[in-house]
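File shown: work_17.cif. Contents: mmCIF, C-alpha atoms.
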```
data_data
#
loop_
_atom_site.group_PDB
_atom_site.id
_atom_site.type_symbol
_atom_site.label_atom_id
_atom_site.label_comp_id
_atom_site.auth_asym_id
_atom_site.auth_seq_id
_atom_site.Cartn_x
_atom_site.Cartn_y
_atom_site.Cartn_z
ATOM 1 C CA MET A 1 0.000 0.000 0.000
ATOM 2 C CA LYS A 2 2.831 2.402 0.869
ATOM 3 C CA LYS A 3 4.530 1.632 -2.449
ATOM 4 C CA PHE A 4 1.286 2.403 -4.266
ATOM 5 C CA LEU A 5 0.899 5.725 -2.452
ATOM 6 C CA LEU A 6 4.520 6.643 -3.190
ATOM 7 C CA LEU A 7 3.901 5.987 -6.892
ATOM 8 C CA LEU A 8 0.607 7.857 -6.846
ATOM 9 C CA LEU A 9 2.039 11.048 -5.327
ATOM 10 C CA PRO A 10 4.400 11.937 -8.218
ATOM 11 C CA LEU A 11 1.661 11.206 -10.746
ATOM 12 C CA SER A 12 -0.696 13.524 -8.901
ATOM 13 C CA LEU A 13 1.905 16.266 -8.847
ATOM 14 C CA ILE A 14 2.506 15.871 -12.589
ATOM 15 C CA THR A 15 -1.236 16.077 -13.281
ATOM 16 C CA VAL A 16 -1.581 19.233 -11.177
ATOM 17 C CA SER A 17 1.472 20.761 -12.869
ATOM 18 C CA LEU A 18 0.122 20.063 -16.355
ATOM 19 C CA PHE A 19 -3.233 21.552 -15.392
ATOM 20 C CA TYR A 20 -1.508 24.650 -14.011
ATOM 21 C CA VAL A 21 0.596 25.106 -17.140
ATOM 22 C CA LYS A 22 -2.475 24.774 -19.367
ATOM 23 C CA VAL A 23 -4.485 27.272 -17.336
ATOM 24 C CA SER A 24 -1.559 29.687 -17.048
ATOM 25 C CA SER A 25 -0.781 29.686 -20.756
ATOM 26 C CA SER A 26 -4.406 30.186 -21.734
ATOM 27 C CA SER A 27 -4.803 33.081 -19.294
ATOM 28 C CA GLU A 28 -1.666 34.735 -20.677
ATOM 29 C CA ASN A 29 -3.094 35.041 -24.182
ATOM 30 C CA LYS A 30 -6.332 36.937 -24.788
ATOM 31 C CA GLY A 31 -6.642 35.538 -28.281
ATOM 32 C CA ARG A 32 -6.495 36.790 -31.841
ATOM 33 C CA LYS A 33 -9.899 38.500 -31.876
ATOM 34 C CA TYR A 34 -9.019 40.647 -28.857
ATOM 35 C CA TYR A 35 -5.606 41.685 -30.174
ATOM 36 C CA GLU A 36 -6.932 42.497 -33.643
ATOM 37 C CA GLU A 37 -9.741 44.646 -32.265
ATOM 38 C CA ALA A 38 -7.293 46.375 -29.922
ATOM 39 C CA GLY A 39 -5.033 47.046 -32.900
ATOM 40 C CA GLN A 40 -2.028 45.515 -31.144
ATOM 41 C CA ILE A 41 -1.284 42.552 -33.435
ATOM 42 C CA LEU A 42 -1.633 42.092 -37.188
ATOM 43 C CA TRP A 43 -2.052 38.762 -38.961
ATOM 44 C CA GLU A 44 -3.470 40.013 -42.269
ATOM 45 C CA ILE A 45 -5.934 42.582 -43.553
ATOM 46 C CA GLN A 46 -9.314 42.294 -45.236
ATOM 47 C CA THR A 47 -9.196 43.797 -48.714
ATOM 48 C CA ASP A 48 -10.253 43.155 -52.290
ATOM 49 C CA GLU A 49 -7.038 44.700 -53.618
ATOM 50 C CA LYS A 50 -4.576 42.084 -54.874
ATOM 51 C CA ILE A 51 -1.785 42.985 -52.506
ATOM 52 C CA ILE A 52 0.356 40.799 -50.242
ATOM 53 C CA ALA A 53 3.293 41.341 -47.905
ATOM 54 C CA LEU A 54 6.352 39.109 -48.176
ATOM 55 C CA THR A 55 8.192 38.919 -44.847
ATOM 56 C CA PHE A 56 11.556 37.411 -43.924
ATOM 57 C CA ASP A 57 12.787 36.484 -40.442
ATOM 58 C CA ASP A 58 16.141 35.857 -38.742
ATOM 59 C CA GLY A 59 18.546 37.654 -41.072
ATOM 60 C CA PRO A 60 20.446 39.232 -42.453
ATOM 61 C CA HIS A 61 22.593 36.379 -43.751
ATOM 62 C CA ARG A 62 25.563 37.393 -45.865
ATOM 63 C CA LYS A 63 24.728 34.980 -48.703
ATOM 64 C CA TYR A 64 21.009 34.222 -48.612
ATOM 65 C CA THR A 65 19.720 37.697 -47.762
ATOM 66 C CA ALA A 66 21.820 39.091 -50.598
ATOM 67 C CA ASN A 67 20.356 36.485 -52.955
ATOM 68 C CA ILE A 68 16.808 37.276 -51.854
ATOM 69 C CA LEU A 69 17.421 40.988 -52.346
ATOM 70 C CA ASP A 70 18.654 40.221 -55.860
ATOM 71 C CA VAL A 71 15.406 38.378 -56.655
ATOM 72 C CA LEU A 72 13.273 41.175 -55.188
ATOM 73 C CA GLU A 73 15.208 43.772 -57.169
ATOM 74 C CA LYS A 74 14.812 41.729 -60.361
ATOM 75 C CA TYR A 75 11.020 41.907 -60.084
ATOM 76 C CA ASN A 76 10.842 45.325 -58.377
ATOM 77 C CA ALA A 77 9.071 43.710 -55.405
ATOM 78 C CA LYS A 78 9.135 45.114 -51.883
ATOM 79 C CA ALA A 79 9.364 43.093 -48.682
ATOM 80 C CA THR A 80 9.604 43.481 -44.915
ATOM 81 C CA PHE A 81 12.631 42.068 -43.095
ATOM 82 C CA PHE A 82 12.349 41.169 -39.407
ATOM 83 C CA ILE A 83 15.946 41.644 -38.394
ATOM 84 C CA VAL A 84 17.975 39.991 -35.642
ATOM 85 C CA GLY A 85 20.201 42.699 -34.165
ATOM 86 C CA GLN A 86 23.387 40.688 -33.783
ATOM 87 C CA ASN A 87 23.127 39.585 -37.428
ATOM 88 C CA ALA A 88 22.645 43.197 -38.487
ATOM 89 C CA GLU A 89 25.854 44.154 -36.694
ATOM 90 C CA LYS A 90 27.736 41.503 -38.682
ATOM 91 C CA ASN A 91 26.207 42.571 -42.021
ATOM 92 C CA PRO A 92 25.596 46.341 -41.954
ATOM 93 C CA GLU A 93 25.987 46.607 -45.729
ATOM 94 C CA LEU A 94 22.909 44.389 -46.199
ATOM 95 C CA ILE A 95 20.860 46.531 -43.820
ATOM 96 C CA THR A 96 21.892 49.586 -45.823
ATOM 97 C CA ARG A 97 20.952 47.856 -49.058
ATOM 98 C CA MET A 98 17.506 46.845 -47.730
ATOM 99 C CA TYR A 99 16.832 50.412 -46.688
ATOM 100 C CA GLU A 100 18.090 52.037 -49.877
ATOM 101 C CA GLU A 101 16.109 49.636 -52.080
ATOM 102 C CA GLY A 102 12.831 50.505 -50.352
ATOM 103 C CA HIS A 103 12.274 47.457 -48.162
ATOM 104 C CA GLU A 104 10.923 47.764 -44.643
ATOM 105 C CA LEU A 105 13.208 47.152 -41.673
ATOM 106 C CA ALA A 106 11.509 45.597 -38.655
ATOM 107 C CA ASN A 107 12.618 44.219 -35.284
ATOM 108 C CA HIS A 108 13.009 40.523 -34.401
ATOM 109 C CA THR A 109 15.034 40.822 -31.147
ATOM 110 C CA TYR A 110 18.798 41.021 -30.772
ATOM 111 C CA THR A 111 19.824 37.409 -30.023
ATOM 112 C CA HIS A 112 16.673 35.503 -31.131
ATOM 113 C CA PRO A 113 15.981 33.999 -27.667
ATOM 114 C CA LEU A 114 13.544 31.096 -27.699
ATOM 115 C CA ARG A 115 12.443 31.882 -24.154
ATOM 116 C CA THR A 116 12.602 35.227 -22.375
ATOM 117 C CA ASN A 117 10.786 37.592 -20.007
ATOM 118 C CA VAL A 118 9.349 41.054 -20.540
ATOM 119 C CA THR A 119 12.353 42.944 -19.168
ATOM 120 C CA ASN A 120 14.891 41.099 -21.299
ATOM 121 C CA LEU A 121 12.634 41.227 -24.349
ATOM 122 C CA MET A 122 12.362 45.002 -24.181
ATOM 123 C CA LYS A 123 16.154 45.272 -23.817
ATOM 124 C CA GLU A 124 16.580 43.084 -26.911
ATOM 125 C CA ILE A 125 14.136 45.204 -28.902
ATOM 126 C CA GLN A 126 15.944 48.389 -27.880
ATOM 127 C CA GLN A 127 19.336 46.900 -28.777
ATOM 128 C CA THR A 128 18.170 45.948 -32.254
ATOM 129 C CA ASP A 129 16.537 49.336 -32.826
ATOM 130 C CA GLU A 130 19.797 51.021 -31.871
ATOM 131 C CA VAL A 131 21.745 48.849 -34.307
ATOM 132 C CA ILE A 132 19.343 49.506 -37.194
ATOM 133 C CA ALA A 133 19.149 53.219 -36.442
ATOM 134 C CA GLY A 134 22.933 53.389 -36.171
ATOM 135 C CA ILE A 135 23.290 51.944 -39.670
ATOM 136 C CA THR A 136 20.415 53.674 -41.470
ATOM 137 C CA GLY A 137 19.015 56.381 -39.208
ATOM 138 C CA TYR A 138 15.654 54.603 -39.441
ATOM 139 C CA GLN A 139 13.722 53.619 -36.300
ATOM 140 C CA PRO A 140 11.628 50.432 -36.751
ATOM 141 C CA THR A 141 7.978 50.514 -35.701
ATOM 142 C CA LEU A 142 7.160 46.845 -36.289
ATOM 143 C CA PHE A 143 8.105 43.843 -34.146
ATOM 144 C CA ARG A 144 7.698 40.100 -34.618
ATOM 145 C CA PRO A 145 8.184 37.811 -31.603
ATOM 146 C CA VAL A 146 10.508 34.839 -31.914
ATOM 147 C CA GLU A 147 8.561 31.792 -33.182
ATOM 148 C CA GLY A 148 5.416 33.883 -32.762
ATOM 149 C CA GLN A 149 5.443 33.310 -28.984
ATOM 150 C CA TYR A 150 4.098 36.029 -26.704
ATOM 151 C CA THR A 151 2.131 36.748 -23.538
ATOM 152 C CA ASP A 152 -0.310 39.508 -22.635
ATOM 153 C CA ALA A 153 2.404 41.192 -20.575
ATOM 154 C CA MET A 154 4.765 41.209 -23.560
ATOM 155 C CA ILE A 155 2.165 42.647 -25.920
ATOM 156 C CA ASP A 156 1.243 45.357 -23.409
ATOM 157 C CA ALA A 157 4.884 46.366 -22.928
ATOM 158 C CA ILE A 158 5.603 46.360 -26.673
ATOM 159 C CA SER A 159 2.451 48.361 -27.476
ATOM 160 C CA LYS A 160 3.235 50.977 -24.826
ATOM 161 C CA LYS A 161 6.545 51.598 -26.590
ATOM 162 C CA GLY A 162 4.644 52.307 -29.801
ATOM 163 C CA TYR A 163 5.370 49.107 -31.752
ATOM 164 C CA LYS A 164 2.907 47.121 -33.828
ATOM 165 C CA VAL A 165 3.304 43.359 -33.424
ATOM 166 C CA VAL A 166 3.194 41.565 -36.768
ATOM 167 C CA MET A 167 2.477 37.861 -37.140
ATOM 168 C CA TRP A 168 1.562 36.197 -40.464
ATOM 169 C CA SER A 169 -1.382 34.590 -42.227
ATOM 170 C CA TRP A 170 -1.620 31.184 -40.556
ATOM 171 C CA HIS A 171 -1.996 29.305 -43.828
ATOM 172 C CA LEU A 172 1.056 31.029 -45.321
ATOM 173 C CA ASP A 173 3.765 29.822 -42.971
ATOM 174 C CA THR A 174 6.056 28.295 -45.603
ATOM 175 C CA LEU A 175 8.058 26.308 -43.000
ATOM 176 C CA ASP A 176 11.054 27.028 -45.203
ATOM 177 C CA TRP A 177 13.345 26.774 -42.161
ATOM 178 C CA LYS A 178 12.725 23.014 -42.289
ATOM 179 C CA SER A 179 13.986 22.856 -45.900
ATOM 180 C CA PRO A 180 10.807 21.047 -47.046
ATOM 181 C CA GLY A 181 11.740 21.337 -50.724
ATOM 182 C CA VAL A 182 11.310 24.171 -53.220
ATOM 183 C CA HIS A 183 8.132 22.635 -54.659
ATOM 184 C CA ARG A 184 6.403 22.549 -51.274
ATOM 185 C CA ILE A 185 7.356 26.141 -50.424
ATOM 186 C CA VAL A 186 6.063 27.327 -53.799
ATOM 187 C CA ASN A 187 2.821 25.333 -53.500
ATOM 188 C CA THR A 188 2.125 26.601 -49.969
ATOM 189 C CA VAL A 189 2.148 30.175 -51.233
ATOM 190 C CA LEU A 190 0.533 29.806 -54.655
ATOM 191 C CA LYS A 191 -2.302 27.576 -53.437
ATOM 192 C CA GLY A 192 -2.996 29.533 -50.260
ATOM 193 C CA VAL A 193 -2.453 33.190 -51.094
ATOM 194 C CA LYS A 194 -5.321 35.663 -50.816
ATOM 195 C CA ALA A 195 -5.503 39.440 -51.016
ATOM 196 C CA GLY A 196 -4.195 41.133 -47.869
ATOM 197 C CA ASN A 197 -2.150 38.159 -46.681
ATOM 198 C CA ILE A 198 1.242 38.187 -44.956
ATOM 199 C CA VAL A 199 3.638 35.427 -46.031
ATOM 200 C CA LEU A 200 6.315 34.069 -43.697
ATOM 201 C CA PHE A 201 9.770 33.199 -45.063
ATOM 202 C CA HIS A 202 13.232 33.126 -43.499
ATOM 203 C CA ASP A 203 16.401 34.686 -44.877
ATOM 204 C CA GLY A 204 18.629 33.708 -41.940
ATOM 205 C CA GLY A 205 19.144 31.002 -39.344
ATOM 206 C CA GLY A 206 20.451 28.334 -41.712
ATOM 207 C CA ASN A 207 20.653 27.264 -45.339
ATOM 208 C CA ARG A 208 17.990 29.239 -47.195
ATOM 209 C CA ALA A 209 18.858 28.146 -50.745
ATOM 210 C CA GLN A 210 15.383 26.613 -51.133
ATOM 211 C CA THR A 211 13.768 29.908 -50.157
ATOM 212 C CA VAL A 212 15.781 31.769 -52.777
ATOM 213 C CA GLN A 213 14.832 29.245 -55.479
ATOM 214 C CA ALA A 214 11.189 29.334 -54.410
ATOM 215 C CA MET A 215 11.111 33.130 -54.661
ATOM 216 C CA GLU A 216 12.228 32.900 -58.284
ATOM 217 C CA GLN A 217 9.008 30.988 -59.007
ATOM 218 C CA ILE A 218 6.587 32.625 -56.592
ATOM 219 C CA ILE A 219 7.071 36.284 -57.485
ATOM 220 C CA PRO A 220 6.659 36.087 -61.281
ATOM 221 C CA GLU A 221 3.668 33.743 -60.955
ATOM 222 C CA LEU A 222 1.875 36.022 -58.510
ATOM 223 C CA GLU A 223 2.672 38.989 -60.730
ATOM 224 C CA LYS A 224 0.919 37.175 -63.580
ATOM 225 C CA GLN A 225 -2.097 36.806 -61.290
ATOM 226 C CA GLY A 226 -2.123 40.548 -60.726
ATOM 227 C CA TYR A 227 -0.639 40.702 -57.222
ATOM 228 C CA GLN A 228 1.452 43.604 -55.973
ATOM 229 C CA PHE A 229 4.060 43.181 -53.260
ATOM 230 C CA VAL A 230 3.875 45.776 -50.489
ATOM 231 C CA THR A 231 5.563 46.319 -47.145
ATOM 232 C CA VAL A 232 3.680 45.608 -43.925
ATOM 233 C CA SER A 233 3.401 49.341 -43.199
ATOM 234 C CA GLU A 234 1.832 49.853 -46.629
ATOM 235 C CA LEU A 235 -0.589 47.033 -45.815
ATOM 236 C CA LEU A 236 -1.476 48.785 -42.559
ATOM 237 C CA GLU A 237 -2.006 52.101 -44.355
ATOM 238 C CA ILE A 238 -4.439 50.433 -46.763
ATOM 239 C CA GLN A 239 -6.257 48.922 -43.780
ATOM 240 C CA ARG A 240 -6.548 52.368 -42.157
ATOM 241 C CA THR A 241 -7.902 53.852 -45.388
ATOM 242 C CA HIS A 242 -10.528 51.120 -45.654
ATOM 243 C CA LYS A 243 -11.663 51.700 -42.066
ATOM 244 C CA LYS A 244 -11.996 55.456 -42.666
ATOM 245 C CA MET A 245 -14.130 54.819 -45.735
ATOM 246 C CA GLU A 246 -16.342 52.393 -43.811
ATOM 247 C CA LYS A 247 -16.968 54.987 -41.101
ATOM 248 C CA LYS A 248 -18.041 57.574 -43.670
ATOM 249 C CA GLN A 249 -20.569 55.218 -45.272
#
```

In structure tokens, how does this file's structure come out?
Amino acid sequence: MKKFLLLLLPLSLITVSLFYVKVSSSSENKGRKYYEEAGQILWEIQTDEKIIALTFDDGPHRKYTANILDVLEKYNAKATFFIVGQNAEKNPELITRMYEEGHELANHTYTHPLRTNVTNLMKEIQQTDEVIAGITGYQPTLFRPVEGQYTDAMIDAISKKGYKVVMWSWHLDTLDWKSPGVHRIVNTVLKGVKAGNIVLFHDGGGNRAQTVQAMEQIIPELEKQGYQFVTVSELLEIQRTHKKMEKKQ
């Protein structure tokens, strides 16, 4: 009987712990509807205009970011880059090129921590802003959390500093960081894309050769379909214009 009770106690503790984690995590996130209505987080916009935002995380990478910029320049397409500060420090010439070629520079922390707290997160955001501003003079207004992970406390702190948190259209996560194959990356975008969407790619964090090859197919095909490639801030401006028009009607 004692052996049974000794075995039962750890199991009970595990069950209580799992319940606590589940409750805690759910209470830390008010949900997409709340954040969208509060204007704190963007996933996509509702529009009939054939516009989409291409976004890239984790760079810049000396080779792959340069290759992606070449493809974007070839088709005169604009994109938004969510920059890791320490990578920007190593590749300032790429940050300058992004800025001069009309792409949007956004914040993706300084060290890309998988787990952090509010205090450290805000320090990382500030560090990256300082790096970007030091290179270009431009102060980012957009932030994307690492792996899309956040809590209410994080969103509140980020919003109070004047940043807009940008996620991506859930069906347009290309998972290119897994190197799933060029064909799969291309199909994810071409089969799923809709007006006002935000597409998630990566230009850093590993071998992004498949992403570069996929871009060579995705951009010209979407151009044929009548799509225009805009920055996230341009997407937000279109959203604001639509809301103003709706209020007047």

Given the file shown, determine the residues that the PyMOL selection byres ((chain A and resi 223) around 12) selects; report them as a ChimeraX atom specification. /A:50-52,75-77,190,215-222,224-229

What do you get, as an MDAnalysis selection string, if you spell out every residue that the PyMOL selection byres ((chain A and resi 186) around 12) selects here? chainID A and resid 172:176 180:185 187:193 199 201 210:222

Which distance in Å separates atom CA of Tyr64 of chain A and atom CA of Tyr110 of chain A, to one decimal?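 That distance, rounded to one decimal, is 19.2 Å.
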
Closest-contact table, segment 16-106 of chain A side, partner segment 135-141 of chain A, 7 Å, counting all atoms listed in the file, as CSV:
```
residue,atom,partner,partner_atom,distance
A:Pro92,CA,A:Ile135,CA,6.5
A:Thr96,CA,A:Thr136,CA,6.2
A:Leu105,CA,A:Pro140,CA,6.1
A:Ala106,CA,A:Pro140,CA,5.2
```

Closest of A:Lys247, A:Arg115, A:Lys74, A:Arg240 to Glu101 of chain A - atom-to-atom distances counting all atoms listed in the file: A:Lys74

Would you compute the distance between atom CA of Lys123 of chain A and atom CA of Leu42 of chain A? Give it in Å to one decimal. 22.5 Å

For Ile158 of chain A, which residue among A:Ile132, A:Leu72, A:Ile41, A:Leu94 is the nearest when counting only C-alpha atoms?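 Comparing A:Ile132, A:Leu72, A:Ile41, A:Leu94 against Ile158 of chain A, the winner is A:Ile41.
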
Output as a PDB file, keeping the file's coordinate frame: segment 87-98 of chain A, completed with N, CA, C and O atoms.
```
ATOM      1  N   ASN A  87      22.834  39.872 -36.017  1.00  0.00           N
ATOM      2  CA  ASN A  87      23.127  39.585 -37.428  1.00  0.00           C
ATOM      3  C   ASN A  87      23.280  40.877 -38.227  1.00  0.00           C
ATOM      4  O   ASN A  87      24.070  40.937 -39.175  1.00  0.00           O
ATOM      5  N   ALA A  88      22.526  41.890 -37.830  1.00  0.00           N
ATOM      6  CA  ALA A  88      22.645  43.197 -38.487  1.00  0.00           C
ATOM      7  C   ALA A  88      24.024  43.795 -38.237  1.00  0.00           C
ATOM      8  O   ALA A  88      24.628  44.388 -39.135  1.00  0.00           O
ATOM      9  N   GLU A  89      24.522  43.637 -37.031  1.00  0.00           N
ATOM     10  CA  GLU A  89      25.854  44.154 -36.694  1.00  0.00           C
ATOM     11  C   GLU A  89      26.940  43.514 -37.553  1.00  0.00           C
ATOM     12  O   GLU A  89      27.916  44.163 -37.925  1.00  0.00           O
ATOM     13  N   LYS A  90      26.750  42.231 -37.883  1.00  0.00           N
ATOM     14  CA  LYS A  90      27.736  41.503 -38.682  1.00  0.00           C
ATOM     15  C   LYS A  90      27.629  41.849 -40.172  1.00  0.00           C
ATOM     16  O   LYS A  90      28.586  41.658 -40.918  1.00  0.00           O
ATOM     17  N   ASN A  91      26.452  42.324 -40.594  1.00  0.00           N
ATOM     18  CA  ASN A  91      26.207  42.571 -42.021  1.00  0.00           C
ATOM     19  C   ASN A  91      25.561  43.939 -42.258  1.00  0.00           C
ATOM     20  O   ASN A  91      24.482  44.027 -42.855  1.00  0.00           O
ATOM     21  N   PRO A  92      26.207  45.011 -41.816  1.00  0.00           N
ATOM     22  CA  PRO A  92      25.596  46.341 -41.954  1.00  0.00           C
ATOM     23  C   PRO A  92      25.341  46.743 -43.398  1.00  0.00           C
ATOM     24  O   PRO A  92      24.397  47.488 -43.689  1.00  0.00           O
ATOM     25  N   GLU A  93      26.174  46.235 -44.320  1.00  0.00           N
ATOM     26  CA  GLU A  93      25.987  46.607 -45.729  1.00  0.00           C
ATOM     27  C   GLU A  93      24.665  46.082 -46.274  1.00  0.00           C
ATOM     28  O   GLU A  93      24.051  46.703 -47.159  1.00  0.00           O
ATOM     29  N   LEU A  94      24.192  44.944 -45.753  1.00  0.00           N
ATOM     30  CA  LEU A  94      22.909  44.389 -46.199  1.00  0.00           C
ATOM     31  C   LEU A  94      21.741  45.201 -45.640  1.00  0.00           C
ATOM     32  O   LEU A  94      20.722  45.382 -46.316  1.00  0.00           O
ATOM     33  N   ILE A  95      21.887  45.668 -44.415  1.00  0.00           N
ATOM     34  CA  ILE A  95      20.860  46.531 -43.820  1.00  0.00           C
ATOM     35  C   ILE A  95      20.751  47.818 -44.637  1.00  0.00           C
ATOM     36  O   ILE A  95      19.644  48.287 -44.948  1.00  0.00           O
ATOM     37  N   THR A  96      21.885  48.377 -44.996  1.00  0.00           N
ATOM     38  CA  THR A  96      21.892  49.586 -45.823  1.00  0.00           C
ATOM     39  C   THR A  96      21.230  49.324 -47.167  1.00  0.00           C
ATOM     40  O   THR A  96      20.427  50.138 -47.654  1.00  0.00           O
ATOM     41  N   ARG A  97      21.538  48.195 -47.760  1.00  0.00           N
ATOM     42  CA  ARG A  97      20.952  47.856 -49.058  1.00  0.00           C
ATOM     43  C   ARG A  97      19.429  47.705 -48.956  1.00  0.00           C
ATOM     44  O   ARG A  97      18.698  48.228 -49.795  1.00  0.00           O
ATOM     45  N   MET A  98      18.953  46.993 -47.938  1.00  0.00           N
ATOM     46  CA  MET A  98      17.506  46.845 -47.730  1.00  0.00           C
ATOM     47  C   MET A  98      16.841  48.217 -47.694  1.00  0.00           C
ATOM     48  O   MET A  98      15.829  48.456 -48.367  1.00  0.00           O
TER      49      MET A  98
END
```
